Every structure is written in structure tokens, then in C-alpha cells.
Amino acid sequence: SGVPGRSTGKPVLASWMGGKEVQQGVEILQRAGIPTFSHADQACAAFNWMWRYAENLRTLYGPEDALEAGSTVPAGAKEAAMAIIKPFIAKGLDILPEYESKMVLKAYGVTICDTRVAYTAEEAADEAAAIGFPVCIKIHSETITHKSDVGGVKLNLKTREEVIEQYKEMETRIGAPGFLGATVQPMVSFKNAHEVIIGMNTDPLYGPVMVFGMGGILVEIFKDSALALPPINNHIARLMIAKTKISKVISGYRGMPAVDLDALAQLLVNFSYMVTELGEVMAECDLNPVLALDARILLAKDGSVPTPGHRYPSL
């Protein structure tokens with residue numbers, strides 16, 4: 001008859017088995033506001049969903065200092081990026097070339113390695129001298145995306161003569177219309193470095209979906225990744241990193257130096273704003289590996305990217 005009015009401050013669920021024989025006890029519990037289930041597995045499932053709900057709330061809000069997530073995205077980023085992308089959409093191209101992809105990333109405050117385009121062998125040599133040897137050169141093309149497959153990547157070139165020779169070799173062997181020139185970039189040291197992947201794909205229901213995880217050539221083997229719906233803040237970026245196995249390595253493992261996790265989280269935040277704001281024209285984007293930042297952006301054909309009802313489909 002008496003109904004407890006005191007709350008413990010903790011969730012309480014009851015599994016009151018016995019059918020009609022325990023109905024009176026079930027009613028007492030229900031009047032006290034205690035959910036009652038006829039089977040224990042139902043109670044466990046309900047508790048699991050309650051935990052997920054609370055965890056999702058903590059993930060969404062996070063600490064107060066993480067709420068100003070987009071504050072490091074440069075002003076006018078979307079306008080600058082669209083100015084780069086629109087001419088390629090007008091040409092009917094599906095994939096943005098590497099150089100232009102990097103310029104889009106740069107517009108959103110993503111640090112990229114020094115990358116310059118050369119349209120002659122002499123120009124490539126001049127750019128290499130300006131960057132500083134050794135350098136690598138890669139084919140610059142609007143139609144060839146897998147550069148290594150066509151021998152379009154030349155590494156560790158140490159002199160002007162080597163740059164000129166390798167440029168001419170690619171130009172002669174590949175030829176028009178695939179060969180438009182070459183990008184010249186510094187050789188990046190991989191000593192004590194870790195390769196991670198940051199990417200985005202478009203889901204028909206949720207819109208842009210981000211991925212972070214182990215990168216490089218092993219990405220398909222280990223499948224070590226975490227997903228999130230952009231845009232995200234620094235708190236969610238940190239949680240994405242922590243959900244992967246590679247996080248233990250990049251945090252410093254067996255004497256290996258730790259990476260700058262603050263910078264990595266900020267990269268994820270800026271990337272998230274890029275794929276959110278450009279979702280109408282960007283179907284996919286992969287940065288793999290992030291260390292060397294070889295970028296590829298798949299452009300959306302008219303009507304091929306779902307338009308979410310809200311600018312930020314995750315909110």
C-alpha cells in the first residue's frame with residue numbers, strides 16, 4: 001500500500017518474473033516509478049540503451065572549452081574552396097586533382113606540405129631548387145588519379161638534372177591528355193612518424209560521415225577506425241582518436257615520441273567543417289596518409305549527394 005517517495009539518484013530497473021502471481025508487486029514498483037520487466041534480458045537491453053543515451057549526450061556536449069569548434073577555420077574558407085572546385089565541376093570531372101585538393105584543404109586551415117605545379121621540365125627544376133633538395137615529383141593530371149600505377153611518382157630527386165630527366169621521362173611515356181605537368185614537393189621524413197587516415201564518405205541517410213584511424217597501405221587490412229557525424233568539436237575529435245588502436249601508439253609507445261594530439265584533434269575539427277560546408281559538391285574525401293597528406297576529393301555529380309534537411313545533419 002505504501003509507495004516509497006525517496007530517490008537514490010541512480011537508475012533502478014526491476015525484472016519481476018512470475019506472471020500473475022507477482023502482479024501486485026509489479027504494480028507497487030510501477031507506482032514508485034520503477035520500470036519493471038517480465039524478463040531479465042529486457043531489463044539489460046533497456047539499461048544498455050540508457051547508458052548509450054547518456055554517453056551520446058556527454059559526447060555531444062563535452063567540456064565547455066570545446067564548444068567553439070569552428071573558431072580556427074579561416075574566414076571565407078567556403079568561398080575560397082568553391083572558387084577552386086566549380087571550374088572542375090563545370091568540366092564534368094569526378095575527381096579533383098591532388099594540387100587543387102590540397103588548396104581546398106589549405107583554405108580550411110589544414111597544414112599541407114609545400115606543393116607547386118610545373119608545366120615544363122625547366123619550371124619543375126626551378127621549383128625544386130626553390131623548395132630545396134631532395135624533392136619528389138608527381139604527375140599533375142585531371143584524369144589519372146592513381147599516380148603510382150602509371151609510374152607517375154618519382155622520389156628522392158637530389159639535383160636539377162634529375163628533376164629535368166624524370167619530368168621528361170614521364171611526359172614522353174604518359175603523354176597527352178593524361179599528362180598536364182607535375183607537382184613538385186619536398187621529401188618528407190618518415191622517421192618516428194605514424195600514418196593515419198582522415199576521410200569522409202556520403203551516406204544517403206546521414207549525409208557526410210567522417211572516419212579516422214590507422215592509415216597508409218595497411219588501412220584495409222587492420223580496419224582500425226572510428227566514425228563521427230560532422231561537424232565535430234575538439235572533445236568529439238579526441239574521442240574519435242581514443243576509440244582506435246592506433247591511439248595508443250601515437251600517444252607514445254615504448255619510447256616512441258607522442259604526436260601532437262592537440263594539433264591532430266584540431267585537424268579533425270577543421271576537416272569536419274570542410275566536409276559539412278562543402279557537402280553539396282563533395283561526395284568523398286581521403287587524406288591518406290595524413291603525414292605526407294596525399295589528398296583526393298571526389299566531386300559530386302548533380303543530384304548525387306543527398307541534401308539533408310539541416311545544414312549540419314548530425315545536430
# chains A, B, ... in the order shown; residues from 1 in each chain; ligands from 1

$ residues_around --residues "A:Glu127" --least-positions-apart "3" --cutoff "10 Å" --atoms "only C-alpha atoms" --output "tab-separated table (two decimals) with C-alpha atoms, in the first residue's frame"
chain	number	residue	atom	x	y	z
A	115	THR	CA	53.30	21.73	-53.26
A	116	ARG	CA	53.92	23.55	-56.55
A	117	VAL	CA	52.76	22.85	-60.09
A	118	ALA	CA	55.18	22.93	-63.02
A	121	ALA	CA	60.87	20.39	-67.10
A	122	GLU	CA	62.80	23.62	-66.52
A	123	GLU	CA	59.99	25.05	-64.43
A	124	ALA	CA	59.95	21.87	-62.33
A	130	ALA	CA	63.25	26.96	-54.53
A	131	ILE	CA	61.84	24.24	-52.24
A	132	GLY	CA	65.22	22.64	-51.57
A	135	VAL	CA	62.26	16.54	-53.78
A	160	ARG	CA	68.14	19.88	-61.12
A	163	VAL	CA	64.26	16.55	-61.91
A	183	THR	CA	53.69	18.75	-58.84
A	184	VAL	CA	56.96	19.34	-57.01
A	185	GLN	CA	57.10	18.61	-53.28

$ select_by_dssp --residues "stretch 1-40 of chain A" --states "helix (DSSP H, G or I)" --output "MDAnalysis selection string"
chainID A and resid 19:31 40

$ write_last_selection --atoms "all heavy atoms" --output "short mmCIF file (atom, residue, chain, number, x, y, z; two decimals), in the first residue's frame"
data_model
loop_
_atom_site.label_atom_id
_atom_site.label_comp_id
_atom_site.auth_asym_id
_atom_site.auth_seq_id
_atom_site.Cartn_x
_atom_site.Cartn_y
_atom_site.Cartn_z
N GLY A 19 4.71 -13.72 -13.58
CA GLY A 19 3.40 -13.54 -14.20
C GLY A 19 2.37 -12.97 -13.26
O GLY A 19 2.63 -12.02 -12.50
N LYS A 20 1.17 -13.57 -13.25
CA LYS A 20 0.07 -13.06 -12.43
C LYS A 20 0.36 -13.13 -10.94
O LYS A 20 -0.16 -12.34 -10.15
CB LYS A 20 -1.19 -13.84 -12.75
CG LYS A 20 -1.72 -13.62 -14.16
CD LYS A 20 -2.99 -14.42 -14.38
CE LYS A 20 -3.54 -14.18 -15.79
NZ LYS A 20 -4.79 -14.96 -16.03
N GLU A 21 1.19 -14.07 -10.54
CA GLU A 21 1.45 -14.26 -9.12
C GLU A 21 2.21 -13.09 -8.50
O GLU A 21 2.18 -12.89 -7.28
CB GLU A 21 2.25 -15.55 -8.90
CG GLU A 21 1.46 -16.81 -9.28
CD GLU A 21 2.26 -18.07 -9.03
OE1 GLU A 21 3.38 -17.95 -8.47
OE2 GLU A 21 1.77 -19.16 -9.38
N VAL A 22 2.92 -12.32 -9.34
CA VAL A 22 3.69 -11.18 -8.81
C VAL A 22 3.11 -9.85 -9.29
O VAL A 22 3.75 -8.81 -9.16
CB VAL A 22 5.18 -11.29 -9.24
CG1 VAL A 22 5.82 -12.53 -8.64
CG2 VAL A 22 5.31 -11.28 -10.75
N GLN A 23 1.89 -9.87 -9.86
CA GLN A 23 1.31 -8.67 -10.42
C GLN A 23 1.19 -7.54 -9.39
O GLN A 23 1.41 -6.38 -9.70
CB GLN A 23 -0.06 -8.98 -11.02
CG GLN A 23 -0.73 -7.81 -11.74
CD GLN A 23 0.10 -7.30 -12.89
OE1 GLN A 23 0.74 -8.10 -13.59
NE2 GLN A 23 0.13 -6.00 -13.09
N GLN A 24 0.82 -7.90 -8.16
CA GLN A 24 0.68 -6.87 -7.13
C GLN A 24 2.02 -6.18 -6.86
O GLN A 24 2.09 -4.96 -6.72
CB GLN A 24 0.13 -7.49 -5.84
CG GLN A 24 -0.16 -6.46 -4.76
CD GLN A 24 -0.76 -7.08 -3.51
OE1 GLN A 24 -0.94 -8.29 -3.43
NE2 GLN A 24 -1.09 -6.25 -2.52
N GLY A 25 3.08 -6.95 -6.81
CA GLY A 25 4.41 -6.37 -6.61
C GLY A 25 4.83 -5.50 -7.78
O GLY A 25 5.46 -4.44 -7.59
N VAL A 26 4.48 -5.91 -8.99
CA VAL A 26 4.80 -5.12 -10.19
C VAL A 26 4.11 -3.77 -10.12
O VAL A 26 4.70 -2.71 -10.42
CB VAL A 26 4.38 -5.89 -11.47
CG1 VAL A 26 4.45 -4.97 -12.70
CG2 VAL A 26 5.26 -7.12 -11.67
N GLU A 27 2.85 -3.76 -9.70
CA GLU A 27 2.10 -2.51 -9.62
C GLU A 27 2.71 -1.57 -8.60
O GLU A 27 2.76 -0.35 -8.79
CB GLU A 27 0.64 -2.81 -9.29
CG GLU A 27 -0.08 -3.53 -10.43
CD GLU A 27 -1.49 -3.96 -10.05
OE1 GLU A 27 -1.87 -3.73 -8.86
OE2 GLU A 27 -2.20 -4.52 -10.90
N ILE A 28 3.17 -2.11 -7.47
CA ILE A 28 3.82 -1.28 -6.45
C ILE A 28 5.07 -0.62 -7.01
O ILE A 28 5.33 0.58 -6.83
CB ILE A 28 4.16 -2.12 -5.21
CG1 ILE A 28 2.87 -2.58 -4.51
CG2 ILE A 28 5.04 -1.34 -4.24
CD1 ILE A 28 3.12 -3.55 -3.38
N LEU A 29 5.88 -1.40 -7.72
CA LEU A 29 7.10 -0.87 -8.31
C LEU A 29 6.79 0.20 -9.36
O LEU A 29 7.45 1.25 -9.43
CB LEU A 29 7.92 -2.01 -8.95
CG LEU A 29 8.55 -3.01 -7.97
CD1 LEU A 29 9.12 -4.20 -8.72
CD2 LEU A 29 9.65 -2.33 -7.15
N GLN A 30 5.79 -0.06 -10.17
CA GLN A 30 5.44 0.90 -11.22
C GLN A 30 4.92 2.21 -10.65
O GLN A 30 5.21 3.29 -11.17
CB GLN A 30 4.43 0.27 -12.17
CG GLN A 30 5.03 -0.83 -13.05
CD GLN A 30 4.00 -1.48 -13.96
OE1 GLN A 30 2.79 -1.40 -13.71
NE2 GLN A 30 4.49 -2.14 -15.01
N ARG A 31 4.14 2.12 -9.55
CA ARG A 31 3.65 3.35 -8.90
C ARG A 31 4.80 4.15 -8.33
O ARG A 31 4.73 5.37 -8.20
CB ARG A 31 2.64 3.00 -7.81
CG ARG A 31 1.28 2.57 -8.33
CD ARG A 31 0.21 2.68 -7.25
NE ARG A 31 0.51 1.86 -6.08
CZ ARG A 31 0.12 0.59 -5.95
NH1 ARG A 31 -0.58 0.01 -6.92
NH2 ARG A 31 0.42 -0.10 -4.87
N ALA A 40 14.65 -10.79 -17.60
CA ALA A 40 15.89 -10.10 -17.27
C ALA A 40 16.59 -9.54 -18.50
O ALA A 40 17.21 -8.47 -18.45
CB ALA A 40 16.83 -11.06 -16.52
#

$ select_by_dssp --residues "stretch 148-306 of chain A" --states "strand (DSSP E)" --output "NGL selection string"
:A and (153-157 or 181-186 or 196-203 or 207-214 or 225-228 or 282-287 or 295-299)

$ write_last_selection --atoms "N, CA and C atoms" --output "compact mmCIF listing (two decimals), in the first residue's frame"
# COMPACT_ATOMS: atom_id res chain seq x y z
N VAL A 153 55.16 8.82 -60.10
CA VAL A 153 55.75 9.34 -58.87
C VAL A 153 57.25 9.07 -58.90
N LYS A 154 58.04 10.12 -58.76
CA LYS A 154 59.50 10.00 -58.76
C LYS A 154 60.02 10.58 -57.45
N LEU A 155 60.73 9.76 -56.68
CA LEU A 155 61.13 10.13 -55.33
C LEU A 155 62.61 10.44 -55.22
N ASN A 156 62.90 11.24 -54.17
CA ASN A 156 64.28 11.48 -53.73
C ASN A 156 65.18 12.00 -54.85
N LEU A 157 64.70 12.98 -55.59
CA LEU A 157 65.49 13.61 -56.65
C LEU A 157 66.35 14.69 -56.02
N GLY A 181 51.46 18.12 -66.49
CA GLY A 181 52.61 18.71 -65.83
C GLY A 181 52.96 17.87 -64.63
N ALA A 182 53.60 18.48 -63.66
CA ALA A 182 53.99 17.73 -62.46
C ALA A 182 53.92 18.63 -61.24
N THR A 183 53.59 18.02 -60.10
CA THR A 183 53.69 18.75 -58.84
C THR A 183 55.06 18.45 -58.23
N VAL A 184 55.65 19.47 -57.63
CA VAL A 184 56.96 19.34 -57.01
C VAL A 184 56.78 19.54 -55.51
N GLN A 185 57.29 18.58 -54.73
CA GLN A 185 57.10 18.61 -53.28
C GLN A 185 58.38 18.18 -52.59
N PRO A 186 58.61 18.66 -51.37
CA PRO A 186 59.79 18.21 -50.62
C PRO A 186 59.63 16.77 -50.18
N VAL A 196 48.19 7.97 -40.35
CA VAL A 196 46.77 7.85 -40.04
C VAL A 196 45.97 8.32 -41.24
N ILE A 197 44.72 7.92 -41.27
CA ILE A 197 43.82 8.33 -42.34
C ILE A 197 42.70 9.18 -41.77
N ILE A 198 42.33 10.22 -42.49
CA ILE A 198 41.15 11.02 -42.18
C ILE A 198 40.34 11.08 -43.47
N GLY A 199 39.08 10.70 -43.39
CA GLY A 199 38.29 10.66 -44.62
C GLY A 199 36.83 10.98 -44.39
N MET A 200 36.11 11.05 -45.49
CA MET A 200 34.68 11.32 -45.45
C MET A 200 34.01 10.60 -46.61
N ASN A 201 32.86 10.02 -46.33
CA ASN A 201 32.01 9.45 -47.36
C ASN A 201 30.59 9.95 -47.10
N THR A 202 29.77 9.93 -48.15
CA THR A 202 28.42 10.45 -48.02
C THR A 202 27.43 9.31 -47.88
N ASP A 203 26.72 9.31 -46.76
CA ASP A 203 25.69 8.31 -46.52
C ASP A 203 24.35 8.86 -46.99
N GLY A 207 24.11 11.86 -44.52
CA GLY A 207 24.96 12.88 -45.15
C GLY A 207 26.42 12.55 -44.93
N PRO A 208 27.30 13.55 -44.78
CA PRO A 208 28.73 13.29 -44.60
C PRO A 208 29.01 12.49 -43.33
N VAL A 209 29.85 11.46 -43.45
CA VAL A 209 30.28 10.66 -42.32
C VAL A 209 31.80 10.63 -42.31
N MET A 210 32.41 11.03 -41.19
CA MET A 210 33.86 11.09 -41.07
C MET A 210 34.44 9.79 -40.56
N VAL A 211 35.69 9.53 -40.94
CA VAL A 211 36.41 8.37 -40.43
C VAL A 211 37.81 8.79 -40.03
N PHE A 212 38.31 8.21 -38.95
CA PHE A 212 39.70 8.41 -38.51
C PHE A 212 40.25 7.06 -38.10
N GLY A 213 41.52 6.79 -38.43
CA GLY A 213 42.10 5.53 -37.99
C GLY A 213 43.49 5.33 -38.54
N MET A 214 43.96 4.09 -38.44
CA MET A 214 45.28 3.73 -38.95
C MET A 214 45.29 3.91 -40.46
N SER A 225 39.42 1.93 -37.16
CA SER A 225 38.87 3.25 -37.45
C SER A 225 37.73 3.59 -36.50
N ALA A 226 37.40 4.88 -36.46
CA ALA A 226 36.27 5.39 -35.69
C ALA A 226 35.49 6.35 -36.57
N LEU A 227 34.16 6.38 -36.39
CA LEU A 227 33.29 7.21 -37.22
C LEU A 227 32.68 8.33 -36.39
N ALA A 228 32.30 9.42 -37.08
CA ALA A 228 31.59 10.53 -36.43
C ALA A 228 30.82 11.29 -37.49
N MET A 282 30.84 17.76 -52.56
CA MET A 282 31.90 16.81 -52.22
C MET A 282 31.27 15.49 -51.80
N ALA A 283 31.52 14.44 -52.58
CA ALA A 283 30.95 13.13 -52.27
C ALA A 283 31.87 12.31 -51.37
N GLU A 284 33.19 12.38 -51.60
CA GLU A 284 34.16 11.66 -50.80
C GLU A 284 35.42 12.50 -50.67
N CYS A 285 36.17 12.22 -49.61
CA CYS A 285 37.47 12.88 -49.43
C CYS A 285 38.35 11.99 -48.57
N ASP A 286 39.57 11.72 -49.04
CA ASP A 286 40.51 10.88 -48.30
C ASP A 286 41.83 11.60 -48.14
N LEU A 287 42.33 11.65 -46.91
CA LEU A 287 43.68 12.11 -46.63
C LEU A 287 44.43 10.89 -46.09
N ALA A 295 46.16 14.00 -50.94
CA ALA A 295 44.73 14.26 -50.82
C ALA A 295 44.01 13.93 -52.12
N ARG A 296 42.78 13.46 -51.97
CA ARG A 296 41.94 13.22 -53.13
C ARG A 296 40.51 13.53 -52.74
N ILE A 297 39.83 14.33 -53.56
CA ILE A 297 38.46 14.71 -53.31
C ILE A 297 37.62 14.26 -54.49
N LEU A 298 36.58 13.47 -54.21
CA LEU A 298 35.66 13.02 -55.24
C LEU A 298 34.51 14.02 -55.31
N LEU A 299 34.32 14.60 -56.49
CA LEU A 299 33.29 15.60 -56.66
C LEU A 299 31.94 14.95 -56.89

$ closest_residue --among "A:Met170, A:Lys91, A:Ser38, A:Lys10" --to "A:Trp51" --atoms "only C-alpha atoms"
A:Lys10

$ residues_around --residues "A:Met103" --least-positions-apart "4" --cutoff "12 Å" --atoms "only C-alpha atoms" --output "PyMOL selection string"
chain A and resi 77-78+80-85+96-99+107-117+293-297

$ atom_distance --atom1 "atom CA of A:Thr276" --atom2 "atom CA of A:His235"
17.7 Å

$ atom_distance --atom1 "atom CA of A:Ser141" --atom2 "atom CA of A:Glu100"
10.7 Å
